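Asker: Next comes protein.txt, compact mmCIF, C-alpha atoms:
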```
# COMPACT_ATOMS: atom_id res chain seq x y z
CA MET A 1 86.67 107.51 102.64
CA GLY A 2 83.51 105.73 101.56
CA ILE A 3 82.85 102.74 99.41
CA GLN A 4 82.50 104.89 96.31
CA THR A 5 85.64 107.03 96.40
CA VAL A 6 88.15 104.48 95.14
CA ASP A 7 86.16 103.72 92.03
CA GLU A 8 84.55 106.91 90.94
CA SER A 9 87.13 109.61 91.58
CA HIS A 10 89.58 107.85 89.30
CA GLU A 11 87.28 106.69 86.54
CA VAL A 12 86.40 110.11 85.24
CA SER A 13 89.88 111.38 84.55
CA SER A 14 91.73 108.29 83.37
CA LEU A 15 90.43 107.62 79.84
CA ALA A 16 93.82 108.44 78.34
CA LYS A 17 95.47 105.99 80.73
CA TYR A 18 93.30 103.14 79.46
CA PHE A 19 94.21 103.88 75.85
CA LYS A 20 97.90 103.99 76.74
CA VAL A 21 97.73 100.61 78.48
CA TRP A 22 95.63 99.18 75.67
CA ILE A 23 98.27 100.18 73.09
CA LEU A 24 101.00 98.91 75.38
CA LEU A 25 99.30 95.49 75.59
CA PHE A 26 99.16 95.35 71.78
CA VAL A 27 102.83 96.22 71.52
CA LEU A 28 103.86 93.67 74.17
CA SER A 29 101.79 90.97 72.42
CA ALA A 30 103.40 91.84 69.10
CA PHE A 31 106.83 91.55 70.77
CA SER A 32 106.04 88.11 72.18
CA TYR A 33 104.79 87.01 68.77
CA MET A 34 108.01 88.25 67.20
CA VAL A 35 110.02 86.13 69.63
CA ASP A 36 108.42 83.14 67.90
CA LEU A 37 108.54 84.63 64.40
CA PHE A 38 112.29 85.17 64.58
CA GLN A 39 112.70 81.76 66.23
CA LEU A 40 114.75 83.02 69.16
CA GLN A 41 115.82 80.02 71.21
CA GLY A 42 117.37 79.14 74.55
CA TYR A 43 117.53 81.41 77.57
CA LEU A 44 116.89 84.54 75.51
CA ARG A 45 113.52 83.14 74.38
CA TRP A 46 112.38 82.11 77.86
CA THR A 47 113.50 85.39 79.41
CA LEU A 48 111.67 87.49 76.83
CA VAL A 49 108.52 85.35 76.82
CA LEU A 50 108.26 85.40 80.62
CA MET A 51 109.09 89.09 80.83
CA PHE A 52 106.39 90.12 78.33
CA MET A 53 103.94 87.75 80.09
CA MET A 54 104.56 89.28 83.52
CA LEU A 55 104.40 92.84 82.18
CA LYS A 56 101.08 92.20 80.43
CA ALA A 57 99.65 90.49 83.51
CA ALA A 58 100.78 93.38 85.73
CA PHE A 59 99.20 96.03 83.48
CA ILE A 60 95.89 94.14 83.18
CA LEU A 61 95.73 93.59 86.94
CA SER A 62 96.74 97.03 88.10
CA VAL A 63 95.08 99.26 85.49
CA PHE A 64 92.23 97.35 83.81
CA MET A 65 91.18 95.50 86.97
CA HIS A 66 91.93 98.58 89.14
CA LEU A 67 93.90 96.55 91.65
CA GLY A 68 96.42 99.40 91.80
CA LEU A 69 93.68 101.68 93.17
CA GLU A 70 92.36 99.25 95.77
CA ARG A 71 93.24 99.26 99.44
CA PHE A 72 96.19 97.19 100.60
CA ALA A 73 93.86 94.70 102.33
CA LEU A 74 92.33 93.69 98.97
CA LYS A 75 95.73 93.61 97.26
CA THR A 76 97.01 91.10 99.81
CA LEU A 77 93.81 89.04 99.43
CA VAL A 78 94.38 88.73 95.69
CA LEU A 79 98.17 88.53 95.45
CA LEU A 80 99.31 86.55 98.50
CA PRO A 81 97.44 83.21 98.13
CA PRO A 82 98.70 82.50 94.57
CA GLY A 83 102.20 82.52 96.08
CA ALA A 84 101.45 78.99 97.25
CA ILE A 85 101.36 78.02 93.56
CA LEU A 86 105.09 78.74 93.35
CA VAL A 87 105.71 75.91 95.81
CA LEU A 88 103.56 73.58 93.70
CA ILE A 89 105.45 74.58 90.53
CA LEU A 90 108.78 73.87 92.24
CA PHE A 91 107.64 70.45 93.51
CA MET A 92 106.12 69.43 90.19
CA ALA A 93 109.25 70.47 88.30
CA VAL A 94 111.38 68.31 90.60
CA GLU A 95 108.91 65.43 90.31
CA GLY A 96 108.83 65.80 86.51
CA GLN A 97 112.62 65.55 86.34
CA TYR A 98 112.52 62.39 88.44
CA THR A 99 109.84 60.85 86.20
CA THR A 100 111.93 61.64 83.10
CA GLN A 101 114.98 60.01 84.59
CA SER A 102 113.15 56.87 85.66
CA ARG A 103 111.43 56.65 82.26
CA GLU A 104 114.69 57.04 80.37
CA PHE A 105 116.16 54.33 82.56
CA ASN A 106 113.21 51.90 82.42
CA PHE A 107 112.48 52.35 78.72
CA SER A 108 116.12 51.85 77.76
CA GLN A 109 117.24 48.71 75.91
CA LEU A 110 119.73 47.78 78.63
CA TRP A 111 117.04 47.50 81.24
CA GLN A 112 114.71 45.51 78.97
CA GLN A 113 117.51 42.99 78.50
CA GLU A 114 118.00 42.71 82.25
CA ILE A 115 114.30 41.95 82.71
CA LEU A 116 114.53 39.17 80.10
CA ASP A 117 117.61 37.71 81.81
CA PHE A 118 115.82 37.83 85.15
CA LYS A 119 112.85 35.96 83.72
CA ASP A 120 115.15 33.30 82.26
CA HIS A 121 116.72 32.59 85.65
CA HIS A 122 113.44 32.59 87.54
CA SER A 123 111.12 30.82 85.13
CA PRO A 124 107.91 29.39 86.65
CA SER A 125 108.80 25.84 85.53
CA GLU A 126 111.43 25.53 88.29
CA MET B 1 92.89 108.11 99.93
CA GLN B 2 95.77 107.89 97.51
CA SER B 3 98.28 109.60 99.77
CA GLN B 4 97.16 107.47 102.68
CA SER B 5 97.81 104.24 100.81
CA ASN B 6 101.16 105.58 99.67
CA THR B 7 102.44 106.62 103.09
CA SER B 8 101.63 103.41 104.92
CA SER B 9 99.87 100.62 103.09
CA LEU B 10 100.73 98.18 105.86
CA GLN B 11 99.08 100.49 108.40
CA SER B 12 95.91 100.57 106.25
CA LEU B 13 95.92 96.76 106.19
CA VAL B 14 96.15 96.63 109.98
CA ASP B 15 93.44 99.28 110.31
CA ASP B 16 91.07 97.42 107.98
CA TRP B 17 91.49 94.10 109.76
CA SER B 18 91.49 95.42 113.34
CA ALA B 19 88.46 97.71 112.99
CA GLU B 20 85.27 96.14 114.28
CA LYS B 21 83.56 96.34 110.91
CA GLN B 22 83.92 94.78 107.45
CA ALA B 23 87.55 94.26 106.52
CA PHE B 24 87.25 94.98 102.80
CA GLN B 25 85.84 98.38 101.91
CA VAL B 26 84.42 97.48 98.51
CA PRO B 27 80.88 96.55 97.41
CA TRP B 28 80.18 92.95 98.39
CA GLY B 29 79.58 91.87 94.77
CA LYS B 30 83.02 93.09 93.79
CA LEU B 31 84.65 91.32 96.74
CA MET B 32 82.88 88.07 95.89
CA MET B 33 84.01 88.35 92.27
CA TRP B 34 87.61 88.79 93.44
CA ILE B 35 87.33 85.71 95.65
CA PHE B 36 85.80 83.73 92.78
CA LEU B 37 88.63 84.85 90.50
CA LEU B 38 91.13 83.84 93.17
CA SER B 39 89.69 80.30 93.17
CA ASP B 40 89.76 80.30 89.37
CA THR B 41 93.40 81.37 89.50
CA PHE B 42 94.15 78.19 91.41
CA ILE B 43 92.28 76.02 88.88
CA PHE B 44 94.17 77.46 85.92
CA SER B 45 97.47 77.40 87.82
CA ILE B 46 96.99 73.73 88.57
CA PHE B 47 96.23 73.00 84.90
CA LEU B 48 99.31 74.86 83.76
CA THR B 49 101.49 73.23 86.43
CA ALA B 50 100.19 69.79 85.40
CA TYR B 51 101.03 70.71 81.81
CA MET B 52 104.56 71.66 82.87
CA ASN B 53 104.92 68.39 84.74
CA VAL B 54 103.83 66.13 81.87
CA ARG B 55 105.83 68.15 79.38
CA ILE B 56 109.02 67.72 81.43
CA SER B 57 108.41 63.99 81.81
CA ALA B 58 107.22 63.20 78.25
CA THR B 59 109.83 61.07 76.50
CA ALA B 60 108.31 61.48 73.00
CA PRO B 61 109.17 64.80 71.30
CA TRP B 62 106.76 67.68 72.02
CA PRO B 63 105.12 69.05 68.83
CA ASN B 64 106.42 72.42 67.63
CA THR B 65 103.46 74.72 68.40
CA SER B 66 104.84 77.33 66.03
CA GLU B 67 104.22 74.90 63.15
CA VAL B 68 101.13 73.14 64.52
CA PHE B 69 99.22 76.44 64.66
CA ALA B 70 100.63 77.87 61.44
CA LEU B 71 98.33 78.86 58.59
CA THR B 72 98.95 79.62 54.94
CA ILE B 73 97.10 82.80 54.03
CA GLY B 74 97.32 84.05 50.45
CA GLY B 75 100.21 81.71 49.67
CA ILE B 76 102.29 82.97 52.61
CA HIS B 77 103.18 80.54 55.37
CA LEU B 78 102.64 82.27 58.73
CA PRO B 79 103.70 80.48 61.93
CA LEU B 80 101.38 80.69 64.96
CA ILE B 81 99.28 83.30 63.14
CA LEU B 82 95.89 82.07 64.35
CA ILE B 83 96.94 82.32 67.99
CA ALA B 84 98.37 85.80 67.38
CA ILE B 85 95.06 86.97 65.89
CA MET B 86 93.12 85.41 68.78
CA THR B 87 95.40 87.22 71.24
CA PHE B 88 94.79 90.55 69.53
CA VAL B 89 91.03 89.99 69.46
CA LEU B 90 91.00 89.23 73.19
CA ILE B 91 93.13 92.27 74.03
CA SER B 92 90.82 94.45 71.93
CA SER B 93 87.87 93.09 73.90
CA SER B 94 89.67 93.90 77.15
CA GLY B 95 90.11 97.47 75.94
CA THR B 96 86.43 97.91 75.05
CA MET B 97 85.51 96.44 78.43
CA ALA B 98 87.76 98.92 80.26
CA LEU B 99 86.07 101.76 78.37
CA ALA B 100 82.63 100.32 79.22
CA VAL B 101 83.50 100.42 82.93
CA ASN B 102 84.76 103.96 82.51
CA TYR B 103 81.54 105.18 80.83
CA ALA B 104 79.37 103.30 83.32
CA TYR B 105 80.92 105.33 86.14
CA LYS B 106 80.32 108.49 84.10
CA ASN B 107 76.65 107.39 84.04
CA ASN B 108 76.71 107.15 80.26
CA LYS B 109 74.52 104.06 80.21
CA LYS B 110 74.05 103.86 76.44
CA LEU B 111 77.73 103.96 75.58
CA ALA B 112 78.55 101.51 78.38
CA VAL B 113 76.01 99.01 77.02
CA LYS B 114 77.28 99.46 73.46
CA LEU B 115 80.86 98.85 74.56
CA MET B 116 79.80 95.78 76.57
CA LEU B 117 78.07 94.35 73.52
CA ALA B 118 81.18 95.08 71.43
CA THR B 119 83.19 93.18 74.05
CA ALA B 120 80.76 90.26 73.86
CA PHE B 121 81.02 90.29 70.05
CA LEU B 122 84.83 90.14 70.18
CA GLY B 123 84.58 87.34 72.74
CA ALA B 124 82.29 85.37 70.44
CA MET B 125 84.80 85.95 67.64
CA PHE B 126 87.54 84.53 69.84
CA VAL B 127 85.51 81.40 70.63
CA SER B 128 84.72 80.92 66.92
CA MET B 129 88.41 81.00 66.06
CA GLN B 130 89.08 78.55 68.86
CA ALA B 131 86.42 76.24 67.41
CA PHE B 132 88.23 76.49 64.05
CA GLU B 133 91.53 75.68 65.75
CA TRP B 134 90.01 72.69 67.55
CA SER B 135 88.45 71.25 64.39
CA LYS B 136 91.76 71.73 62.54
CA LEU B 137 93.66 69.75 65.17
CA ILE B 138 90.95 67.09 65.45
CA SER B 139 91.01 66.60 61.67
CA GLU B 140 94.79 66.13 61.94
CA GLY B 141 94.13 63.27 64.35
CA VAL B 142 94.99 64.96 67.66
CA ARG B 143 92.91 63.53 70.52
CA PRO B 144 93.02 63.96 74.32
CA TRP B 145 94.45 60.42 74.51
CA SER B 146 96.65 60.29 71.40
CA ASN B 147 98.63 62.53 69.11
CA PRO B 148 100.17 61.61 65.72
CA LEU B 149 102.43 64.70 65.87
CA GLY B 150 104.47 63.59 68.88
CA ALA B 151 103.93 63.35 72.63
CA GLU B 152 100.45 62.15 73.54
CA GLN B 153 100.33 64.53 76.51
CA PHE B 154 100.15 67.41 74.03
CA GLY B 155 96.58 66.49 73.09
CA ALA B 156 95.46 66.12 76.69
CA CYS B 157 96.95 69.48 77.72
CA PHE B 158 95.71 71.31 74.65
CA PHE B 159 92.08 70.24 74.91
CA MET B 160 91.97 70.58 78.69
CA ILE B 161 93.55 74.03 78.99
CA THR B 162 92.15 75.77 75.92
CA GLY B 163 88.80 74.05 76.41
CA PHE B 164 88.49 75.28 79.98
CA HIS B 165 89.52 78.77 78.91
CA GLY B 166 87.05 78.68 76.00
CA VAL B 167 84.25 77.76 78.41
CA HIS B 168 85.21 80.81 80.48
CA VAL B 169 85.08 83.07 77.43
CA SER B 170 81.70 81.63 76.37
CA ALA B 171 80.31 82.12 79.88
CA GLY B 172 81.70 85.67 79.83
CA VAL B 173 79.89 86.44 76.56
CA ILE B 174 76.60 85.25 78.07
CA TYR B 175 77.29 87.14 81.32
CA LEU B 176 78.01 90.36 79.40
CA CYS B 177 74.83 90.03 77.34
CA ILE B 178 72.69 89.42 80.44
CA VAL B 179 74.13 92.40 82.32
CA ALA B 180 73.82 94.64 79.24
CA ALA B 181 70.17 93.59 78.83
CA LYS B 182 69.46 94.26 82.51
CA ILE B 183 71.00 97.72 82.30
CA LEU B 184 68.88 98.51 79.23
CA ALA B 185 65.78 97.22 81.02
CA GLY B 186 66.42 99.77 83.78
CA HIS B 187 67.25 97.22 86.45
CA TYR B 188 70.06 99.40 87.84
CA ASP B 189 68.37 102.79 87.44
CA GLY B 190 69.00 105.05 90.41
CA ARG B 191 71.76 102.76 91.64
CA SER B 192 75.49 102.73 91.04
CA LEU B 193 76.62 100.76 88.00
CA HIS B 194 79.13 98.72 90.02
CA ILE B 195 77.86 95.69 88.14
CA VAL B 196 79.72 96.82 85.02
CA GLU B 197 83.00 96.90 86.92
CA ILE B 198 82.27 93.45 88.40
CA THR B 199 81.53 92.04 84.95
CA GLY B 200 84.68 93.76 83.74
CA LEU B 201 86.75 92.05 86.45
CA TYR B 202 85.62 88.67 85.15
CA TRP B 203 86.32 89.61 81.54
CA HIS B 204 89.79 91.01 82.26
CA PHE B 205 90.58 87.86 84.21
CA VAL B 206 89.75 85.75 81.13
CA ASP B 207 92.20 87.91 79.18
CA LEU B 208 94.75 87.58 81.98
CA VAL B 209 94.55 83.77 81.85
CA TRP B 210 95.03 83.89 78.09
CA VAL B 211 98.26 85.90 78.60
CA PHE B 212 99.63 82.95 80.59
CA ILE B 213 98.31 80.28 78.20
CA PHE B 214 99.75 82.17 75.22
CA ALA B 215 103.18 82.42 76.81
CA LEU B 216 103.42 79.02 78.48
CA PHE B 217 101.55 76.75 76.06
CA TYR B 218 101.96 78.36 72.64
CA LEU B 219 105.33 80.13 72.92
CA TRP B 220 107.17 77.69 75.21
```
Have the structure of the file written as C-alpha cells, please.
Answerer:
Amino acid sequence: MGIQTVDESHEVSSLAKYFKVWILLFVLSAFSYMVDLFQLQGYLRWTLVLMFMMLKAAFILSVFMHLGLERFALKTLVLLPPGAILVLILFMAVEGQYTTQSREFNFSQLWQQEILDFKDHHSPSE
Amino acid sequence: MQSQSNTSSLQSLVDDWSAEKQAFQVPWGKLMMWIFLLSDTFIFSIFLTAYMNVRISATAPWPNTSEVFALTIGGIHLPLILIAIMTFVLISSSGTMALAVNYAYKNNKKLAVKLMLATAFLGAMFVSMQAFEWSKLISEGVRPWSNPLGAEQFGACFFMITGFHGVHVSAGVIYLCIVAAKILAGHYDGRSLHIVEITGLYWHFVDLVWVFIFALFYLW
C-alpha cells in the first residue's frame, strides 16, 4: 500500500502484455489505413475510423500509460475534466452549421441581387 | 491493491480524498506530468474542435487528404502512404518507450537508456518525415492563409495542428535525450527510476494525440 506498489509489482511480469498491445496497435492502425485505401464512405467510414481511434486511445492510456493500474482518484483526475470538451464539440458543431447556413444564404446570387436593389432605392444622392 | 480497486473503486476515491494526507498516492513528478498532460489535452482538443468548426462552415470544397498526402513510390501510386508510415514509426517508438519503462523498473539501466535513445531516434525520424510533408505542401502553394487545392481553412488547420504536434515530438526527443544522459551520468543512482515512467507518460501522450489527429484530420 505504498507509493511503489502500483508501479513495480506489475512492471516485472507484464512484458508479454506490452508486446501484445504493441502488435494490436499496429493492427488497428493498419485497419484504419485500409478504411482509406478501400475508400469506404459514409457512416461505415466514420464508424470504423472513430472505433479504431477510441480503441487505440484506450489501449495506450490503460496499458502503456498504466492508467488502468492507477487508483480511482487519479483515473477521475485524468478522465473526468476532458468530458467538458464534449460540450464544446456539441456547441461548435451547432455553431458551424449555423455559419454554413448563413454563408450559403449571404453568398447566394439571390441575396446579392437584393443588396443591389436596396442600394438603388436608397442611393446617397437622394 | 488490485482486488481493493476492483471491489470498490468509488470507496477508494472517497478514502483518498477524505484522508488527512495527500489525495494522490503517486510520486509528485508523475502527478505533475499527468496534470500537465491534462492541460495539453485541452489545448489539442480546442485545436481539433476549431478544425471541426471551420470544416463544417467552409463553403469551398475541402481537399481530399487521401490524395493530398499520396506519394508515388516505384511507379505505384499510394494514397496517404506518408501519413501511414509516420503513424507506424510513432507507434514503434511508443512500444520501445514502454519497454524502456519496463526495464527501468527492473533496474536494467543500460537497456532502459538504449531503448529511450531508440525512442528518441524514431521520434526524430517522425519529425523529419513531417518536415518533408510540410515542404511538399508548401511547394504546392498551401499556406496558413491560402490554399490552391480548395478551402483556405485547410492550410490554417494543417499547419496549426501538425505544427503544434511536431513541436511536442521535437520537445519529447530532447527530453528523452536529457533524461537518458542524466541516467548514464548516475544522477538517479540509488533512487527509483520513476523518471523513466514520467518521460514515458509524455511520450505516450504525444502518440495518443497523433491517434486523434490521424483519425480526425487525415482520415475524415
Asker: Between A:Leu48, A:Ile85, A:Leu77, A:Met54, which one has atoms that come closest to Phe36 of chain B, using only C-alpha atoms?
Answerer: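 Looking only at the distances to Phe36 of chain B, the closest residue turns out to be A:Leu77.
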Asker: Of the candidates A:Leu61, A:Val21, A:Val87, A:Ala73, which shows the shortest atom-to-atom distance to chain B, using only C-alpha atoms?
Answerer: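 Closest to chain B, using only C-alpha atoms: A:Ala73.
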Asker: I need the chain A residues near chain B as JSON, numbers by chain; criterion: at most 6 Å, counting only C-alpha atoms.
Answerer: {"A": [3, 11, 22, 57, 64, 65, 72, 73, 89, 92, 93, 96, 99, 100]}
Asker: Keeping only C-alpha atoms, write those residues as a compact mmCIF listing (two decimals), in the frame of the given file.
Answerer:
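And here is the file that came out, selection-v3.txt:
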```
# COMPACT_ATOMS: atom_id res chain seq x y z
CA ILE A 3 82.85 102.74 99.41
CA GLU A 11 87.28 106.69 86.54
CA TRP A 22 95.63 99.18 75.67
CA ALA A 57 99.65 90.49 83.51
CA PHE A 64 92.23 97.35 83.81
CA MET A 65 91.18 95.50 86.97
CA PHE A 72 96.19 97.19 100.60
CA ALA A 73 93.86 94.70 102.33
CA ILE A 89 105.45 74.58 90.53
CA MET A 92 106.12 69.43 90.19
CA ALA A 93 109.25 70.47 88.30
CA GLY A 96 108.83 65.80 86.51
CA THR A 99 109.84 60.85 86.20
CA THR A 100 111.93 61.64 83.10
```
Asker: Using only C-alpha atoms, which of the listed residues (A:Leu40, A:Ile115, A:Leu25, A:Ala84) sits closest to Ala58 of chain A?
Answerer: A:Leu25
Asker: Between atom CA of Gly83 of chain A and atom CA of Gly42 of chain A, what is the distance, to one decimal in Å?
Answerer: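 Computed distance, atom CA of Gly83 of chain A to atom CA of Gly42 of chain A, equals 26.6 Å.
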Asker: Can you patch up segment 89-123 of chain A, filling it in to N, CA and C atoms, and show the result as a short mmCIF file (atom, residue, chain, number, x, y, z; two decimals), keeping the file's coordinate frame?
Answerer:
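rebuild11.cif written:
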```cif
data_model
loop_
_atom_site.label_atom_id
_atom_site.label_comp_id
_atom_site.auth_asym_id
_atom_site.auth_seq_id
_atom_site.Cartn_x
_atom_site.Cartn_y
_atom_site.Cartn_z
N ILE A 89 104.67 74.60 91.78
CA ILE A 89 105.45 74.58 90.53
C ILE A 89 106.82 73.96 90.79
N LEU A 90 107.45 74.39 91.90
CA LEU A 90 108.78 73.87 92.24
C LEU A 90 108.73 72.35 92.43
N PHE A 91 107.75 71.89 93.24
CA PHE A 91 107.64 70.45 93.51
C PHE A 91 107.39 69.65 92.24
N MET A 92 106.48 70.17 91.39
CA MET A 92 106.12 69.43 90.19
C MET A 92 107.27 69.41 89.18
N ALA A 93 108.08 70.47 89.19
CA ALA A 93 109.25 70.47 88.30
C ALA A 93 110.23 69.40 88.75
N VAL A 94 110.46 69.32 90.07
CA VAL A 94 111.38 68.31 90.60
C VAL A 94 110.84 66.91 90.30
N GLU A 95 109.54 66.73 90.53
CA GLU A 95 108.91 65.43 90.31
C GLU A 95 108.98 65.05 88.83
N GLY A 96 108.78 66.05 87.95
CA GLY A 96 108.83 65.80 86.51
C GLY A 96 110.21 65.33 86.08
N GLN A 97 111.24 65.96 86.65
CA GLN A 97 112.62 65.55 86.34
C GLN A 97 112.85 64.10 86.75
N TYR A 98 112.34 63.77 87.94
CA TYR A 98 112.52 62.39 88.44
C TYR A 98 111.82 61.40 87.52
N THR A 99 110.58 61.74 87.09
CA THR A 99 109.84 60.85 86.20
C THR A 99 110.60 60.66 84.88
N THR A 100 111.16 61.75 84.35
CA THR A 100 111.93 61.64 83.10
C THR A 100 113.09 60.67 83.27
N GLN A 101 113.81 60.87 84.37
CA GLN A 101 114.98 60.01 84.59
C GLN A 101 114.59 58.55 84.70
N SER A 102 113.52 58.28 85.49
CA SER A 102 113.15 56.87 85.66
C SER A 102 112.58 56.30 84.37
N ARG A 103 111.93 57.15 83.55
CA ARG A 103 111.43 56.65 82.26
C ARG A 103 112.59 56.33 81.33
N GLU A 104 113.54 57.26 81.26
CA GLU A 104 114.69 57.04 80.37
C GLU A 104 115.42 55.77 80.78
N PHE A 105 115.49 55.53 82.07
CA PHE A 105 116.16 54.33 82.56
C PHE A 105 115.35 53.08 82.24
N ASN A 106 114.03 53.11 82.57
CA ASN A 106 113.21 51.90 82.42
C ASN A 106 112.88 51.58 80.97
N PHE A 107 112.81 52.61 80.12
CA PHE A 107 112.48 52.35 78.72
C PHE A 107 113.72 52.00 77.90
N SER A 108 114.90 52.07 78.53
CA SER A 108 116.12 51.85 77.76
C SER A 108 116.30 50.36 77.45
N GLN A 109 117.01 50.07 76.38
CA GLN A 109 117.24 48.71 75.91
C GLN A 109 117.94 47.86 76.98
N LEU A 110 118.92 48.49 77.62
CA LEU A 110 119.73 47.78 78.63
C LEU A 110 118.83 47.17 79.69
N TRP A 111 117.91 47.95 80.15
CA TRP A 111 117.04 47.50 81.24
C TRP A 111 116.10 46.40 80.75
N GLN A 112 115.59 46.54 79.54
CA GLN A 112 114.71 45.51 78.97
C GLN A 112 115.44 44.17 78.95
N GLN A 113 116.72 44.23 78.57
CA GLN A 113 117.51 42.99 78.50
C GLN A 113 117.64 42.37 79.89
N GLU A 114 117.84 43.22 80.88
CA GLU A 114 118.00 42.71 82.25
C GLU A 114 116.73 42.03 82.73
N ILE A 115 115.56 42.58 82.33
CA ILE A 115 114.30 41.95 82.71
C ILE A 115 114.21 40.56 82.09
N LEU A 116 114.60 40.46 80.80
CA LEU A 116 114.53 39.17 80.10
C LEU A 116 115.44 38.14 80.78
N ASP A 117 116.66 38.60 81.13
CA ASP A 117 117.61 37.71 81.81
C ASP A 117 117.03 37.23 83.13
N PHE A 118 116.40 38.15 83.84
CA PHE A 118 115.82 37.83 85.15
C PHE A 118 114.74 36.76 84.99
N LYS A 119 113.93 36.92 83.95
CA LYS A 119 112.85 35.96 83.72
C LYS A 119 113.41 34.58 83.37
N ASP A 120 114.53 34.59 82.63
CA ASP A 120 115.15 33.30 82.26
C ASP A 120 115.59 32.53 83.49
N HIS A 121 116.19 33.25 84.45
CA HIS A 121 116.72 32.59 85.65
C HIS A 121 115.64 32.18 86.63
N HIS A 122 114.50 32.90 86.57
CA HIS A 122 113.44 32.59 87.54
C HIS A 122 112.19 32.15 86.81
N SER A 123 112.30 31.25 85.88
CA SER A 123 111.12 30.82 85.13
C SER A 123 110.21 29.98 86.01
#
```
